[in-house]
$ cat protein29.txt   # compact mmCIF, C-alpha atoms
# COMPACT_ATOMS: atom_id res chain seq x y z
CA MET X 1 -18.59 13.99 16.59
CA LYS X 2 -17.51 10.61 15.23
CA ASN X 3 -16.44 7.87 17.63
CA SER X 4 -15.36 5.18 15.17
CA LEU X 5 -12.53 4.70 12.69
CA ALA X 6 -12.43 2.77 9.42
CA ALA X 7 -8.88 2.28 8.15
CA PHE X 8 -8.14 1.02 4.66
CA ASP X 9 -5.07 -0.40 3.01
CA MET X 10 -4.41 0.85 -0.51
CA ASP X 11 -2.55 -1.71 -2.66
CA GLY X 12 -4.69 -4.78 -3.23
CA THR X 13 -7.55 -3.47 -1.09
CA LEU X 14 -8.90 -0.18 -2.43
CA TYR X 15 -6.88 -0.50 -5.64
CA ASP X 16 -5.54 -3.41 -7.64
CA THR X 17 -2.05 -2.03 -8.19
CA LEU X 18 -0.35 -5.31 -9.04
CA LYS X 19 0.33 -4.54 -12.71
CA ALA X 20 1.35 -0.91 -12.09
CA ASN X 21 3.79 -1.98 -9.38
CA TYR X 22 5.07 -4.90 -11.44
CA TYR X 23 5.78 -2.83 -14.57
CA SER X 24 7.40 -0.07 -12.50
CA TYR X 25 9.68 -2.48 -10.63
CA LYS X 26 10.47 -4.46 -13.79
CA GLN X 27 11.52 -1.31 -15.65
CA ALA X 28 13.57 -0.08 -12.69
CA LEU X 29 15.28 -3.46 -12.24
CA ASN X 30 16.00 -3.69 -15.99
CA GLU X 31 17.87 -0.38 -15.81
CA PHE X 32 20.20 -1.95 -13.24
CA GLY X 33 20.67 -5.20 -15.16
CA PHE X 34 18.09 -7.36 -13.36
CA ASP X 35 14.86 -8.93 -14.54
CA LEU X 36 11.55 -9.65 -12.84
CA GLU X 37 8.92 -12.20 -13.82
CA TYR X 38 5.25 -11.30 -13.35
CA GLN X 39 4.28 -14.53 -11.58
CA TYR X 40 7.16 -14.19 -9.11
CA PHE X 41 6.23 -10.60 -8.33
CA ALA X 42 2.54 -11.45 -7.89
CA GLU X 43 3.26 -14.34 -5.51
CA LYS X 44 6.32 -13.17 -3.59
CA CYS X 45 6.45 -9.35 -3.69
CA GLN X 46 3.06 -7.66 -3.98
CA GLY X 47 1.88 -6.34 -0.64
CA LYS X 48 5.33 -6.57 0.90
CA HIS X 49 7.78 -3.78 1.70
CA TYR X 50 10.49 -3.33 -0.94
CA LYS X 51 13.25 -3.85 1.65
CA GLU X 52 11.85 -7.34 2.16
CA PHE X 53 11.58 -8.52 -1.44
CA LEU X 54 14.25 -6.59 -3.40
CA PRO X 55 17.16 -8.27 -1.58
CA LYS X 56 15.72 -11.67 -2.57
CA ILE X 57 15.52 -10.61 -6.23
CA LEU X 58 19.05 -9.19 -6.22
CA ASP X 59 20.57 -11.94 -4.07
CA LYS X 60 21.50 -14.05 -7.04
CA GLN X 61 24.02 -11.47 -8.25
CA GLY X 62 24.82 -9.65 -5.02
CA TYR X 63 23.42 -6.39 -3.77
CA ASN X 64 23.85 -3.63 -1.23
CA GLU X 65 21.56 -1.14 0.51
CA SER X 66 22.57 1.61 -1.90
CA LEU X 67 21.48 -0.42 -4.92
CA ILE X 68 18.16 -1.33 -3.27
CA SER X 69 17.53 2.35 -2.56
CA LYS X 70 18.40 3.37 -6.14
CA ILE X 71 16.06 0.74 -7.61
CA HIS X 72 13.22 1.78 -5.32
CA ILE X 73 13.69 5.47 -6.14
CA LYS X 74 13.68 4.62 -9.85
CA LYS X 75 10.51 2.53 -9.38
CA GLN X 76 8.82 5.50 -7.68
CA SER X 77 9.72 7.75 -10.60
CA LEU X 78 8.23 5.24 -13.06
CA TYR X 79 5.00 4.57 -11.14
CA PHE X 80 2.93 7.41 -12.62
CA GLN X 81 3.80 6.21 -16.14
CA ASN X 82 2.17 2.87 -15.24
CA ILE X 83 -0.77 4.20 -13.22
CA ASN X 84 -3.18 3.44 -16.05
CA HIS X 85 -2.85 -0.25 -15.05
CA VAL X 86 -4.43 0.44 -11.63
CA VAL X 87 -8.02 -0.75 -11.14
CA GLU X 88 -10.18 0.82 -8.46
CA ASN X 89 -12.28 -1.39 -6.17
CA LYS X 90 -15.49 0.56 -6.79
CA HIS X 91 -17.55 -1.53 -4.37
CA LEU X 92 -15.18 -0.86 -1.50
CA ILE X 93 -14.99 2.84 -2.40
CA ASN X 94 -18.80 2.93 -2.14
CA ILE X 95 -18.65 1.21 1.26
CA LEU X 96 -16.01 3.73 2.37
CA LYS X 97 -18.27 6.61 1.32
CA CYS X 98 -21.19 5.16 3.32
CA LEU X 99 -19.00 4.64 6.39
CA SER X 100 -17.73 8.21 6.26
CA GLU X 101 -20.97 9.52 7.74
CA LYS X 102 -20.22 7.85 11.10
CA TYR X 103 -16.54 6.85 10.87
CA TYR X 104 -13.31 8.75 10.46
CA ILE X 105 -11.65 7.37 7.33
CA ALA X 106 -7.92 6.66 7.25
CA LEU X 107 -5.66 5.24 4.57
CA VAL X 108 -2.74 3.24 5.98
CA THR X 109 -0.35 2.02 3.30
CA THR X 110 3.21 0.79 2.89
CA ALA X 111 3.32 2.71 -0.40
CA SER X 112 5.46 5.82 -0.64
CA LYS X 113 3.86 9.19 -0.03
CA LYS X 114 4.52 10.21 -3.66
CA ASN X 115 3.00 7.09 -5.22
CA CYS X 116 0.05 7.14 -2.82
CA HIS X 117 -0.78 10.77 -3.57
CA ASP X 118 -0.22 10.26 -7.32
CA LEU X 119 -2.73 7.40 -7.29
CA LEU X 120 -5.32 9.24 -5.18
CA ASP X 121 -4.96 12.33 -7.40
CA TYR X 122 -5.31 10.19 -10.54
CA PHE X 123 -8.65 8.82 -9.27
CA ASN X 124 -9.60 12.11 -7.55
CA ARG X 125 -10.08 10.29 -4.21
CA LYS X 126 -7.82 12.15 -1.77
CA ILE X 127 -10.82 14.07 -0.40
CA LEU X 128 -12.32 10.80 0.91
CA PHE X 129 -9.67 10.46 3.64
CA ASP X 130 -9.43 12.25 6.96
CA LEU X 131 -5.90 10.91 7.41
CA ILE X 132 -3.30 9.33 5.10
CA ILE X 133 -0.38 7.37 6.57
CA THR X 134 2.34 6.19 4.15
CA GLN X 135 5.68 4.41 4.52
CA GLU X 136 7.41 7.69 5.37
CA ASP X 137 5.14 8.13 8.40
CA VAL X 138 6.15 4.91 10.18
CA SER X 139 9.43 3.41 11.31
CA LYS X 140 8.29 -0.22 10.83
CA PRO X 141 6.22 -1.49 7.89
CA LYS X 142 3.37 -3.99 8.09
CA PRO X 143 2.99 -6.56 9.65
CA ASN X 144 3.94 -4.12 12.40
CA SER X 145 0.80 -2.34 13.59
CA GLU X 146 2.44 1.11 13.99
CA GLY X 147 0.47 2.70 11.13
CA TYR X 148 -2.91 1.56 12.44
CA ILE X 149 -2.06 2.53 16.01
CA LYS X 150 -1.01 5.99 14.77
CA ALA X 151 -4.37 6.37 13.03
CA MET X 152 -6.28 5.34 16.18
CA ASN X 153 -4.21 7.70 18.32
CA PHE X 154 -4.63 10.58 15.86
CA PHE X 155 -8.41 10.45 16.23
CA GLY X 156 -8.45 9.23 19.83
CA ILE X 157 -10.42 6.14 18.78
CA SER X 158 -10.12 2.87 20.71
CA LYS X 159 -9.22 -0.41 19.06
CA GLU X 160 -12.75 -1.64 19.89
CA ASN X 161 -14.18 1.15 17.72
CA THR X 162 -11.80 0.59 14.82
CA LEU X 163 -12.47 -1.44 11.68
CA ILE X 164 -9.57 -2.26 9.33
CA PHE X 165 -9.81 -3.40 5.70
CA GLU X 166 -6.79 -5.34 4.38
CA ASP X 167 -5.91 -7.85 1.67
CA SER X 168 -2.46 -9.25 2.49
CA ASP X 169 -1.27 -11.57 5.26
CA GLU X 170 1.04 -8.79 6.49
CA GLY X 171 -1.79 -6.27 6.56
CA VAL X 172 -4.23 -8.59 8.34
CA GLU X 173 -1.54 -9.35 10.91
CA ALA X 174 -0.92 -5.59 11.39
CA GLY X 175 -4.64 -5.01 11.97
CA ARG X 176 -4.90 -7.86 14.43
CA ASN X 177 -1.75 -6.72 16.24
CA ALA X 178 -3.40 -3.31 16.62
CA GLY X 179 -6.27 -5.08 18.37
CA ALA X 180 -8.91 -3.90 15.89
CA ARG X 181 -11.51 -5.87 13.97
CA THR X 182 -9.88 -6.64 10.66
CA LEU X 183 -11.71 -7.63 7.48
CA ARG X 184 -9.83 -9.34 4.67
CA VAL X 185 -10.68 -8.08 1.19
CA LEU X 186 -10.14 -10.62 -1.58
$ encode --input "protein29.txt" --output "structure tokens"
Amino acid sequence: MKNSLAAFDMDGTLYDTLKANYYSYKQALNEFGFDLEYQYFAEKCQGKHYKEFLPKILDKQGYNESLISKIHIKKQSLYFQNINHVVENKHLINILKCLSEKYYIALVTTASKKNCHDLLDYFNRKILFDLIITQEDVSKPKPNSEGYIKAMNFFGISKENTLIFEDSDEGVEAGRNAGARTLRVL
């Protein structure tokens, strides 16, 4: 029986999804009459929950919750068309495989369930995870630690026996708020 947990973030940690997310959001925003610059998305949006950054993009021309939801749904539908832009972090995947002998392996992401599963299916990696927690599984996104706490509780693993891999400020904060050792992946 395993008594440790290794939890991994997806976007920016296990996978460089910046371009896939950017092209998907850009296309979705264009359909609603908005534009998105790559540099802005890379610096201000990637790794954040869409409800945090979409209002800032739309603020210049006004927005409402319905429009934000429509844009996000459209982005989700476009994601698989842009999945070829995703780059796998092969070194971290190899570390994950080595850890799986003694650790439960969880994926904790702010990505949607659909996009997460599409990406894992594309790379044939779903089998690597004992548990997958997506945005639909939590009420509060990162930097809230709910996702990591759910993973620890699912396996009955203490925070002292949990190791979290993250890339973003929000993710590192979520890991620390969960009380677990958190490693930043650059």
$ residues_around --input "protein29.txt" --residues "Gly47 of chain X" --least-positions-apart "3" --cutoff "8 Å" --atoms "only C-alpha atoms" --output "number ranges by chain"
X: 11-12, 168, 170
$ closest_residue --input "protein29.txt" --among "X:His85, X:Lys70, X:His117, X:Lys150" --to "Asn21 of chain X" --atoms "all atoms listed in the file"
X:His85
$ residues_around --input "protein29.txt" --residues "Cys116 of chain X" --least-positions-apart "3" --cutoff "12 Å" --atoms "all atoms listed in the file" --output "PyMOL selection string"
chain X and resi 9-11+14-15+17+21+76+79-80+83+86+107-113+119-126+132-136
$ atom_distance --input "protein29.txt" --atom1 "atom CA of Asn144 of chain X" --atom2 "atom CA of Gln27 of chain X"
29.2 Å
$ closest_residue --input "protein29.txt" --among "X:Val138, X:Asn30, X:Lys19, X:Lys56" --to "Gln81 of chain X" --atoms "all atoms listed in the file"
X:Lys19
$ closest_atom_pairs --input "protein29.txt" --of "segment 55-129 of chain X" --to "segment 32-36 of chain X" --cutoff "12 Å" --atoms "only C-alpha atoms" --output "tab-separated table"
residue	atom	partner	partner_atom	distance
X:Pro55	CA	X:Phe34	CA	11.9
X:Lys56	CA	X:Leu36	CA	11.3
X:Ile57	CA	X:Leu36	CA	7.8
X:Leu58	CA	X:Phe34	CA	7.4
X:Asp59	CA	X:Phe34	CA	10.7
X:Lys60	CA	X:Phe34	CA	9.8
X:Gln61	CA	X:Phe34	CA	8.8
X:Gly62	CA	X:Phe34	CA	11.0
X:Tyr63	CA	X:Phe32	CA	10.9
X:Leu67	CA	X:Phe32	CA	8.6
X:Ile68	CA	X:Phe32	CA	10.2
X:Ser69	CA	X:Phe32	CA	11.8
X:Lys70	CA	X:Phe32	CA	9.1
X:Ile71	CA	X:Phe32	CA	7.5
X:His72	CA	X:Phe32	CA	11.2
X:Lys74	CA	X:Phe32	CA	9.9
X:Lys75	CA	X:Phe32	CA	11.4
$ closest_residue --input "protein29.txt" --among "X:Phe8, X:Asn64, X:Gly179, X:Tyr40" --to "Ile164 of chain X" --atoms "all atoms listed in the file"
X:Phe8
$ atom_distance --input "protein29.txt" --atom1 "atom CA of Leu18 of chain X" --atom2 "atom CA of Pro143 of chain X"
19.0 Å
$ atom_distance --input "protein29.txt" --atom1 "atom CA of Leu5 of chain X" --atom2 "atom CA of Ser158 of chain X"
8.6 Å
$ closest_residue --input "protein29.txt" --among "X:Lys2, X:Lys114, X:Lys142, X:Arg181" --to "Lys48 of chain X" --atoms "only C-alpha atoms"
X:Lys142
$ closest_residue --input "protein29.txt" --among "X:Leu92, X:Ile157, X:Ala180, X:Leu131" --to "Ala106 of chain X" --atoms "all atoms listed in the file"
X:Leu131
$ closest_residue --input "protein29.txt" --among "X:Tyr50, X:Tyr148, X:Tyr25, X:Phe155" --to "Ala178 of chain X" --atoms "all atoms listed in the file"
X:Tyr148
$ residues_around --input "protein29.txt" --residues "segment 93-103 of chain X" --least-positions-apart "3" --cutoff "9 Å" --atoms "only C-alpha atoms" --output "PyMOL selection string"
chain X and resi 1-6+8+14+88-90+128-129+162
$ residues_around --input "protein29.txt" --residues "Val172 of chain X" --least-positions-apart "3" --cutoff "9 Å" --atoms "all atoms listed in the file" --output "ChimeraX atom specification"
/X:142-143,164-169,175-177,182-184
$ axis_aligned_box --input "protein29.txt" --around "segment 19-30 of chain X" --padding-each-side "5 Å" --output "JSON"
{"center_x": 8.2, "center_y": -2.5, "center_z": -12.7, "size_x": 25.7, "size_y": 14.8, "size_z": 16.6}
